[in-house]
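Trainee: Below: one structure in structure tokens.
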Amino acid sequence: MNVCIVMGKIIEEVDFKFIYNNKLLSIANSKIQLIDGNQVEIFGLDEKADYMYSNLNENDIILISGKLVNERKNNKIEVESITKINSK
């Protein structure tokens, strides 16, 4: 089972894109900084992408539940649920 739960501060504005493949897919990407100073890329698809783009801003503190994905030798977190803790 691949489940990870992280909390961190958004350090990059959310980037929102549409991907046209066999079907329409939206994707939102950003980067968060964890409490220990490490940075992790996060992404959400479809409804999660819409939520990320419309509700999250740089310096917001968020709690993410998701799964770790290895993409081109980079570890990213695919968001399954996200909660905005507060904003600064």
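Chain labels A, B, ... are given in the sequence in which chains occur in the structure tokens; within each chain residues are numbered consecutively from 1, and ligands are likewise numbered from 1 in the order shown.
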Residues near Thr83 in chain A, anyone? I mean within 7 Å using only C-alpha atoms, not counting same-chain ones fewer than 5 positions away, as a count of residues only.

Mentor: 3

Trainee: Would you kindly return, as a PyMOL selection string, each protein, DNA or RNA residue with an atom no farther than 6 Å from any atom of range 8-20 of chain A, considering only C-alpha atoms and excluding same-chain residues fewer than 2 positions away?

Mentor: chain A and resi 24-34+53+58-62

Trainee: Among chain A, which residues carry a DSSP assignment of alpha helix (DSSP H), reported as a PyMOL selection string?

Mentor: chain A and resi 47-55

Trainee: Quick one: of A:Asn74, A:Ser54, A:Gln39, A:Ser81, who's nearest to Ile5 in chain A, counting only C-alpha atoms?

Mentor: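 Of all the options, A:Ser81 lies closest to Ile5 in chain A.
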
Trainee: Of the candidates A:Leu68, A:Leu56, A:Val6, A:Ala49, which one gets nearest to Asp36 in chain A if we count only C-alpha atoms?

Mentor: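 Checking each of A:Leu68, A:Leu56, A:Val6, A:Ala49 against Asp36 in chain A, counting only C-alpha atoms, the winner is A:Val6.
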
Trainee: At a cut-off of 12 Å, using only C-alpha atoms, what residues contact Gly66 in chain A? Leave out same-chain residues fewer than 2 positions from it and give the result as a PyMOL selection string.

Mentor: chain A and resi 1-7+41-45+48+63-64+68-69+76-83

Trainee: Mind the document's chain letters and residue numbers, and return as JSON, numbers by chain the residues of range 4-74 of chain A that DSSP labels strand (DSSP E).

Mentor: {"A": [4, 5, 6, 7, 8, 9, 10, 15, 16, 17, 18, 19, 20, 24, 25, 26, 27, 28, 29, 30, 31, 32, 33, 34, 39, 40, 41, 42, 43, 44, 45, 61, 62, 63, 64, 65, 66, 67, 68, 69, 70, 71, 74]}

Trainee: Using Å and a single decimal, report how far CA of Asn75 in chain A sits from CA of Tyr51 in chain A.

Mentor: 22.1 Å

Trainee: Measuring between only C-alpha atoms, which one of A:Lys73, A:Ile35, A:Val40, A:Asn86 shows the shortest distance to Asn57 in chain A?

Mentor: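 Of the candidates, the smallest distance to Asn57 in chain A is held by A:Asn86.
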